[in-house]
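For reference, final_8.cif (mmCIF, C-alpha atoms):
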data_target
loop_
_atom_site.label_atom_id
_atom_site.label_comp_id
_atom_site.auth_asym_id
_atom_site.auth_seq_id
_atom_site.Cartn_x
_atom_site.Cartn_y
_atom_site.Cartn_z
CA MET A 1 -5.33 167.60 -4.99
CA PHE A 2 -3.42 169.37 -2.23
CA ASP A 3 -1.64 171.53 -4.80
CA LEU A 4 -5.00 172.59 -6.18
CA ILE A 5 -6.29 173.55 -2.74
CA ALA A 6 -3.06 175.41 -1.96
CA SER A 7 -3.26 177.37 -5.20
CA MET A 8 -6.91 178.19 -4.56
CA PHE A 9 -6.25 179.57 -1.10
CA SER A 10 -3.28 181.59 -2.28
CA TYR A 11 -5.80 184.25 -3.35
CA THR A 12 -6.83 186.58 -0.54
CA PHE A 13 -10.36 187.11 -1.84
CA ILE A 14 -11.01 183.34 -1.67
CA LEU A 15 -9.75 183.24 1.91
CA ARG A 16 -12.10 186.08 2.82
CA ALA A 17 -14.98 184.30 1.09
CA LEU A 18 -14.15 181.04 2.87
CA ILE A 19 -14.11 182.63 6.34
CA VAL A 20 -17.34 184.55 5.87
CA GLY A 21 -19.04 181.70 3.99
CA LEU A 22 -18.34 179.07 6.63
CA LEU A 23 -19.62 181.33 9.40
CA VAL A 24 -22.74 182.34 7.47
CA SER A 25 -23.42 178.72 6.47
CA LEU A 26 -23.15 177.60 10.09
CA CYS A 27 -25.44 180.34 11.38
CA SER A 28 -28.03 179.87 8.65
CA ALA A 29 -28.13 176.10 9.19
CA LEU A 30 -28.69 176.46 12.94
CA LEU A 31 -31.48 178.98 12.47
CA GLY A 32 -32.94 177.17 9.47
CA VAL A 33 -34.02 174.18 11.56
CA SER A 34 -36.24 176.35 13.76
CA LEU A 35 -37.56 178.35 10.81
CA VAL A 36 -38.47 175.25 8.80
CA LEU A 37 -40.19 173.58 11.76
CA LYS A 38 -42.12 176.79 12.51
CA ARG A 39 -43.12 177.01 8.82
CA TYR A 40 -41.25 180.29 8.40
CA SER A 41 -38.78 178.93 5.86
CA MET A 42 -39.55 181.67 3.31
CA ILE A 43 -38.72 184.43 5.77
CA GLY A 44 -35.14 184.24 4.52
CA ASP A 45 -36.26 185.03 0.98
CA GLY A 46 -38.39 187.92 2.20
CA LEU A 47 -35.65 189.43 4.35
CA SER A 48 -33.12 189.08 1.52
CA HIS A 49 -35.37 191.22 -0.68
CA VAL A 50 -35.64 193.76 2.12
CA GLY A 51 -31.85 193.72 2.42
CA PHE A 52 -31.49 194.29 -1.31
CA GLY A 53 -33.80 197.30 -1.14
CA ALA A 54 -31.82 198.74 1.78
CA LEU A 55 -28.51 198.15 0.01
CA ALA A 56 -29.81 199.78 -3.18
CA VAL A 57 -30.92 202.88 -1.29
CA ALA A 58 -27.58 203.01 0.54
CA MET A 59 -25.61 202.83 -2.71
CA ALA A 60 -27.82 205.50 -4.27
CA MET A 61 -27.14 207.82 -1.30
CA ASN A 62 -23.41 206.89 -1.08
CA TRP A 63 -23.81 205.40 2.41
CA ALA A 64 -22.12 202.33 3.85
CA PRO A 65 -24.24 199.40 2.55
CA LEU A 66 -23.96 197.00 5.49
CA ALA A 67 -24.34 199.74 8.10
CA VAL A 68 -27.68 200.64 6.52
CA ALA A 69 -28.90 197.16 5.65
CA VAL A 70 -28.41 195.53 9.06
CA PRO A 71 -30.80 197.78 11.08
CA VAL A 72 -33.33 197.95 8.25
CA VAL A 73 -33.54 194.16 7.90
CA ILE A 74 -33.77 193.73 11.68
CA ILE A 75 -36.69 196.19 11.81
CA ALA A 76 -38.33 194.39 8.88
CA ALA A 77 -37.95 191.03 10.68
CA PHE A 78 -39.65 192.40 13.82
CA LEU A 79 -42.35 194.03 11.71
CA LEU A 80 -42.92 190.82 9.80
CA LEU A 81 -43.24 188.88 13.03
CA ARG A 82 -45.72 191.35 14.52
CA VAL A 83 -47.81 191.55 11.36
CA SER A 84 -48.03 187.75 11.15
CA GLU A 85 -49.09 187.36 14.80
CA ASN A 86 -51.43 190.30 15.35
CA SER A 87 -53.00 191.01 11.97
CA ALA A 88 -55.34 189.52 9.43
CA ILE A 89 -52.33 189.18 7.11
CA LYS A 90 -50.71 185.87 7.99
CA GLY A 91 -47.54 183.94 7.18
CA ASP A 92 -46.59 183.85 3.53
CA SER A 93 -48.88 186.77 2.65
CA ALA A 94 -47.01 189.08 5.03
CA ILE A 95 -43.66 187.87 3.68
CA ALA A 96 -44.75 188.48 0.08
CA LEU A 97 -46.11 191.93 0.95
CA ILE A 98 -42.95 193.18 2.64
CA SER A 99 -40.47 191.51 0.26
CA THR A 100 -42.04 192.74 -2.98
CA SER A 101 -42.47 196.26 -1.60
CA SER A 102 -38.81 196.42 -0.58
CA LEU A 103 -37.64 195.00 -3.90
CA ALA A 104 -39.69 197.59 -5.80
CA LEU A 105 -38.25 200.44 -3.70
CA GLY A 106 -34.71 199.16 -4.32
CA ILE A 107 -35.23 198.97 -8.08
CA MET A 108 -36.69 202.48 -8.11
CA ALA A 109 -33.71 203.82 -6.15
CA ILE A 110 -31.26 202.17 -8.56
CA SER A 111 -33.03 203.39 -11.68
CA LEU A 112 -33.13 206.98 -10.39
CA SER A 113 -29.43 207.05 -9.46
CA LYS A 114 -26.65 205.09 -11.20
CA GLY A 115 -28.62 202.35 -12.88
CA MET A 116 -27.73 198.66 -12.89
CA ASN A 117 -23.97 198.41 -12.37
CA SER A 118 -21.60 195.69 -11.19
CA ASP A 119 -22.22 196.45 -7.50
CA VAL A 120 -25.96 195.94 -7.92
CA TYR A 121 -25.44 192.66 -9.79
CA GLY A 122 -23.07 191.55 -7.03
CA TYR A 123 -25.73 192.06 -4.39
CA MET A 124 -28.40 190.35 -6.49
CA PHE A 125 -26.44 187.25 -7.57
CA GLY A 126 -23.47 187.27 -5.19
CA SER A 127 -19.81 188.11 -5.71
CA ILE A 128 -16.78 187.08 -3.66
CA LEU A 129 -14.63 189.72 -5.33
CA ALA A 130 -16.49 192.62 -3.72
CA MET A 131 -15.78 191.64 -0.11
CA SER A 132 -13.36 193.90 1.77
CA ASP A 133 -11.45 193.33 5.00
CA ALA A 134 -13.95 195.52 6.84
CA ASP A 135 -16.80 193.31 5.62
CA VAL A 136 -14.93 190.24 6.88
CA LEU A 137 -14.36 191.72 10.34
CA MET A 138 -17.98 192.80 10.62
CA SER A 139 -19.17 189.39 9.44
CA VAL A 140 -16.97 187.55 11.94
CA ALA A 141 -18.18 189.73 14.84
CA LEU A 142 -21.87 189.42 13.99
CA SER A 143 -21.57 185.68 13.31
CA ALA A 144 -19.97 185.21 16.71
CA VAL A 145 -22.93 187.05 18.27
CA VAL A 146 -25.38 184.80 16.43
CA LEU A 147 -23.61 181.59 17.49
CA VAL A 148 -23.25 182.63 21.14
CA LEU A 149 -26.89 183.70 21.46
CA PHE A 150 -28.11 180.50 19.79
CA ILE A 151 -26.01 178.27 22.07
CA VAL A 152 -27.01 180.16 25.24
CA CYS A 153 -30.73 180.14 24.37
CA TYR A 154 -30.79 176.69 22.78
CA HIS A 155 -33.29 175.08 25.17
CA LYS A 156 -35.67 178.04 25.02
CA ILE A 157 -35.51 178.09 21.21
CA PHE A 158 -36.20 174.34 21.22
CA ALA A 159 -39.33 174.81 23.35
CA VAL A 160 -40.62 177.74 21.31
CA THR A 161 -40.02 175.89 18.04
CA PHE A 162 -42.12 172.83 18.84
CA ASP A 163 -44.95 174.06 21.07
CA GLU A 164 -45.47 177.74 21.84
CA ASP A 165 -48.48 177.07 24.10
CA PHE A 166 -46.50 174.64 26.25
CA ALA A 167 -43.61 177.11 26.34
CA LYS A 168 -45.96 179.84 27.59
CA ALA A 169 -47.32 177.49 30.25
CA THR A 170 -43.80 176.83 31.54
CA GLY A 171 -43.09 180.55 31.88
CA ILE A 172 -41.04 181.13 28.75
CA ARG A 173 -41.58 184.49 27.12
CA VAL A 174 -42.43 183.23 23.67
CA GLY A 175 -42.61 186.65 22.05
CA ARG A 176 -39.13 187.55 23.22
CA TYR A 177 -37.58 184.39 21.82
CA ASN A 178 -39.46 184.70 18.55
CA MET A 179 -37.96 188.16 18.25
CA LEU A 180 -34.55 186.69 19.04
CA ILE A 181 -34.92 184.17 16.19
CA ALA A 182 -36.00 186.97 13.85
CA PHE A 183 -33.05 189.13 14.97
CA LEU A 184 -30.50 186.36 14.40
CA THR A 185 -32.04 185.48 11.03
CA ALA A 186 -31.92 189.11 9.87
CA ILE A 187 -28.22 189.42 10.71
CA THR A 188 -27.38 186.14 8.97
CA ILE A 189 -29.28 187.11 5.82
CA VAL A 190 -27.48 190.46 5.53
CA LEU A 191 -24.07 188.86 6.07
CA GLY A 192 -24.65 186.26 3.36
CA MET A 193 -26.11 188.56 0.74
CA ARG A 194 -22.76 189.95 -0.41
CA MET A 195 -21.47 186.49 -1.26
CA MET A 196 -24.57 184.41 -2.09
CA GLY A 197 -26.76 187.16 -3.51
CA ALA A 198 -30.24 188.30 -2.54
CA LEU A 199 -31.85 185.71 -4.82
CA LEU A 200 -30.01 182.67 -3.41
CA ILE A 201 -29.25 183.38 0.26
CA SER A 202 -32.50 181.74 1.41
CA ALA A 203 -31.16 178.40 0.08
CA LEU A 204 -28.62 178.33 2.93
CA VAL A 205 -31.52 178.51 5.38
CA ILE A 206 -33.79 175.93 3.78
CA PHE A 207 -31.66 173.20 2.20
CA PRO A 208 -29.46 172.04 5.14
CA ALA A 209 -32.45 171.69 7.47
CA LEU A 210 -34.57 169.81 4.94
CA THR A 211 -31.63 167.59 3.99
CA SER A 212 -30.87 166.55 7.56
CA MET A 213 -34.56 165.87 8.22
CA ARG A 214 -34.50 163.15 5.55
CA VAL A 215 -32.53 160.84 7.88
CA CYS A 216 -32.61 162.44 11.36
CA LYS A 217 -35.69 162.57 13.57
CA ARG A 218 -34.41 164.26 16.76
CA PHE A 219 -34.01 168.03 17.06
CA HIS A 220 -30.48 167.79 18.43
CA SER A 221 -29.28 165.49 15.67
CA VAL A 222 -31.03 167.55 12.98
CA VAL A 223 -29.25 170.71 14.18
CA LEU A 224 -25.82 169.06 14.22
CA VAL A 225 -26.20 167.28 10.86
CA SER A 226 -27.61 170.37 9.16
CA ALA A 227 -24.67 172.46 10.40
CA LEU A 228 -22.20 169.87 9.10
CA ILE A 229 -24.00 169.62 5.75
CA SER A 230 -24.12 173.38 5.31
CA VAL A 231 -20.40 173.85 5.99
CA CYS A 232 -19.34 170.96 3.76
CA CYS A 233 -21.62 172.03 0.90
CA PHE A 234 -20.26 175.56 1.01
CA PHE A 235 -16.66 174.38 0.89
CA ILE A 236 -17.39 172.02 -2.02
CA GLY A 237 -19.38 174.72 -3.82
CA LEU A 238 -16.55 177.23 -3.41
CA THR A 239 -14.08 174.70 -4.82
CA VAL A 240 -16.37 173.93 -7.78
CA SER A 241 -16.74 177.66 -8.42
CA TYR A 242 -12.96 178.05 -8.51
CA LEU A 243 -12.39 175.05 -10.79
CA PHE A 244 -15.11 175.74 -13.36
CA ALA A 245 -15.35 179.56 -13.08
CA THR A 246 -19.02 179.44 -12.06
CA PRO A 247 -20.85 181.84 -9.71
CA THR A 248 -20.19 180.96 -6.07
CA GLY A 249 -23.79 181.26 -4.91
CA ALA A 250 -25.19 179.07 -7.68
CA SER A 251 -22.43 176.48 -7.18
CA VAL A 252 -23.18 176.20 -3.46
CA VAL A 253 -26.91 175.81 -4.12
CA VAL A 254 -26.31 173.08 -6.74
CA VAL A 255 -24.15 171.15 -4.26
CA ASN A 256 -26.93 171.48 -1.68
CA ILE A 257 -29.42 170.10 -4.20
CA VAL A 258 -27.23 167.06 -4.88
CA CYS A 259 -26.79 166.48 -1.14
CA PHE A 260 -30.55 166.74 -0.64
CA LEU A 261 -31.16 164.08 -3.31
CA ILE A 262 -28.58 161.73 -1.77
CA PHE A 263 -30.06 162.06 1.71
CA SER A 264 -33.55 161.60 0.27
CA LEU A 265 -32.47 158.26 -1.22
CA ILE A 266 -30.94 157.21 2.10
CA GLY A 267 -34.13 158.21 3.90
CA PHE A 268 -36.20 156.26 1.38
CA ALA A 269 -34.07 153.18 2.00
CA TYR A 270 -34.59 153.65 5.74
CA GLU A 271 -38.36 153.87 5.29
CA ILE A 272 -38.24 150.56 3.43
CA SER A 273 -36.23 148.88 6.15
CA LYS A 274 -38.49 150.38 8.90
CA SER A 275 -36.79 148.78 11.87
CA LYS A 276 -33.12 149.68 11.38
CA PRO A 277 -31.27 152.84 10.39
CA PRO A 278 -29.39 152.95 7.07
CA PHE A 279 -26.27 150.75 6.82
CA SER A 280 -26.76 149.31 10.32
CA PHE A 281 -26.50 145.77 8.89
CA LEU A 282 -22.76 146.34 8.42
CA LYS A 283 -22.23 146.36 12.20
CA ASN A 284 -23.32 142.75 12.81
CA GLY A 285 -21.32 140.92 10.16
CA PHE A 286 -22.57 139.20 7.06
CA THR A 287 -24.75 136.41 8.45
CA GLY A 288 -25.95 138.35 11.50
CA GLY A 289 -26.71 141.61 9.76
CA VAL A 290 -26.83 141.43 5.98
CA LEU A 291 -28.98 138.32 5.66
CA LYS A 292 -31.41 139.52 8.34
CA SER A 293 -31.68 143.11 7.19
CA PRO A 294 -35.31 144.01 6.32
CA PHE A 295 -34.06 146.16 3.46
CA LEU A 296 -32.11 143.29 1.89
CA ARG A 297 -34.81 140.73 2.74
CA THR A 298 -36.95 142.23 0.00
CA TRP A 299 -34.21 141.69 -2.56
CA ARG A 300 -33.77 138.11 -1.30
CA TYR A 301 -37.45 137.42 -1.92
CA LEU A 302 -37.21 138.91 -5.41
CA GLY A 303 -34.14 136.77 -6.11
CA GLY A 304 -35.99 133.65 -4.94
CA ILE A 305 -38.88 134.40 -7.29
CA ALA A 306 -36.42 134.87 -10.18
CA VAL A 307 -34.74 131.50 -9.42
CA PHE A 308 -38.13 129.76 -9.18
CA LEU A 309 -39.22 131.11 -12.56
CA PHE A 310 -35.90 130.12 -14.10
CA LEU A 311 -36.10 126.53 -12.82
CA ARG A 312 -39.70 126.16 -13.91
CA HIS A 313 -39.10 127.39 -17.45
CA LYS A 314 -35.47 126.35 -17.91
CA SER A 315 -36.26 123.97 -20.78
CA THR A 316 -37.98 126.75 -22.69
CA ILE A 317 -35.10 129.12 -21.98
CA PHE A 318 -32.54 126.54 -23.13
CA ASN A 319 -34.49 125.81 -26.33
CA LEU A 320 -34.72 129.50 -27.15
CA SER A 321 -31.01 129.93 -26.46
CA LYS A 322 -30.20 126.90 -28.66
CA LYS A 323 -32.31 128.20 -31.51
CA ALA A 324 -30.67 131.63 -31.24
CA PHE A 325 -27.22 130.02 -31.28
CA ILE A 326 -28.05 127.93 -34.35
CA ARG A 327 -29.43 130.96 -36.15
CA GLN A 328 -26.32 133.01 -35.38
CA ARG A 329 -24.13 130.09 -36.62
CA ASP A 330 -26.08 129.84 -39.90
CA ILE A 331 -25.81 133.57 -40.47
CA LEU A 332 -22.08 133.49 -39.81
CA ALA A 333 -21.60 130.55 -42.22
CA MET A 334 -23.62 132.36 -44.88
CA CYS A 335 -21.44 135.42 -44.52
CA MET A 336 -18.29 133.34 -44.82
CA ASN A 337 -19.56 131.66 -48.03
CA CYS A 338 -20.44 134.99 -49.53
CA GLN A 339 -16.99 136.30 -48.74
CA TYR A 340 -15.16 133.40 -50.45
CA THR A 341 -17.44 133.35 -53.48
#

I need this file expressed as structure tokens, please.
Amino acid sequence: MFDLIASMFSYTFILRALIVGLLVSLCSALLGVSLVLKRYSMIGDGLSHVGFGALAVAMAMNWAPLAVAVPVVIIAAFLLLRVSENSAIKGDSAIALISTSSLALGIMAISLSKGMNSDVYGYMFGSILAMSDADVLMSVALSAVVLVLFIVCYHKIFAVTFDEDFAKATGIRVGRYNMLIAFLTAITIVLGMRMMGALLISALVIFPALTSMRVCKRFHSVVLVSALISVCCFFIGLTVSYLFATPTGASVVVVNIVCFLIFSLIGFAYEISKSKPPFSFLKNGFTGGVLKSPFLRTWRYLGGIAVFLFLRHKSTIFNLSKKAFIRQRDILAMCMNCQYT
């Protein structure tokens, strides 16, 4: 196991992907909680399409892709926020309008210049081979900015996320902090596009937040658990991609799907138990916890019904078993006679 990990990290491109991927996963998970609760979860998908259009135009004009994409996506995030708040075009309609327009412009720019090459496929579906040292340095710097701003403005973001009217009443400038969330999201989307691809980067924003919400009910715990889930899923997805030669972005998303299903089952078990969190019966010992657990009480009742039915109809069950045994014995004897004759 350790030899496998050592051989995997002996490649420099995997180290670069690991550094950038962990930072992007952490940033996207932190921002994803606010975006999902504000019902802006698809803004990541829309901004990724805008980023693809900007990158396509930059490659067609032989400009630096990230230097062009970052300001364009930030402007698109502010525009999307303003259009949603102050126009008749609301929410998902504004996202669909801007994302499809940007995607169409990017495809037109590609078709009129070099056509679909490996660089374009890398930005659409993700590629860890295309990342340079300059991309890593820029990603580390911008990720640090995202993390610092989120930590410093955590309480304001919390207030704006849950109740904008209450936040306005307490003197918080809601518009400014909404723009801050849009700014941080735009940077995170651009940083993750090179590795995850424009079609899959929104999964890093949506899945960790939804997964943590299956079992956590407090904002603080949801943020921490989603960050941990996002980082772990990226590391596992990168390892799976190395072992089975699968695309990194798709591998990370598949691991996130599996984690979401596991947490959904744990949350379902918690909803059945109602009064205690999952696995809390292990803290109080067998007789104090297991036998009194509401989750296991249901199985105890079902077991009691099964025992009652067995005792009531045991004579019938024994007779059927005896007849089956006699029949199997007769068949076996018949086969033996046929063999000797």

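Using all atoms listed in the file, the shortest contact distance between Ile95 (chain A) and any of A:Ile74, A:Met42, A:Val36, A:Leu129 is found at A:Met42.
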
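Across A:Ala29, A:Leu180, A:Ala134, A:Leu23, the tightest approach to Asn256 (chain A) is made by A:Ala29 when counting all atoms listed in the file.
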
Quiz item: Do you have the CA of Val50 (chain A)-CA of Phe150 (chain A) distance handy?
Solution: 23.3 Å

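Computed from the coordinates, the CA of Ser127 (chain A) to CA of Ala109 (chain A) distance equals 21.0 Å.
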
Quiz item: A:Gly171, A:Leu4, A:Tyr270, A:Ala17: which is nearest Val136 (chain A), counting only C-alpha atoms?
Solution: A:Ala17

Practice problem: Carefully work through the PyMOL selection byres ((chain A and resi 174-177) around 12) for this structure and note down the residues it includes, as a ChimeraX atom specification. | Solution: /A:34,78,81-82,85-86,149-150,152-173,178-184
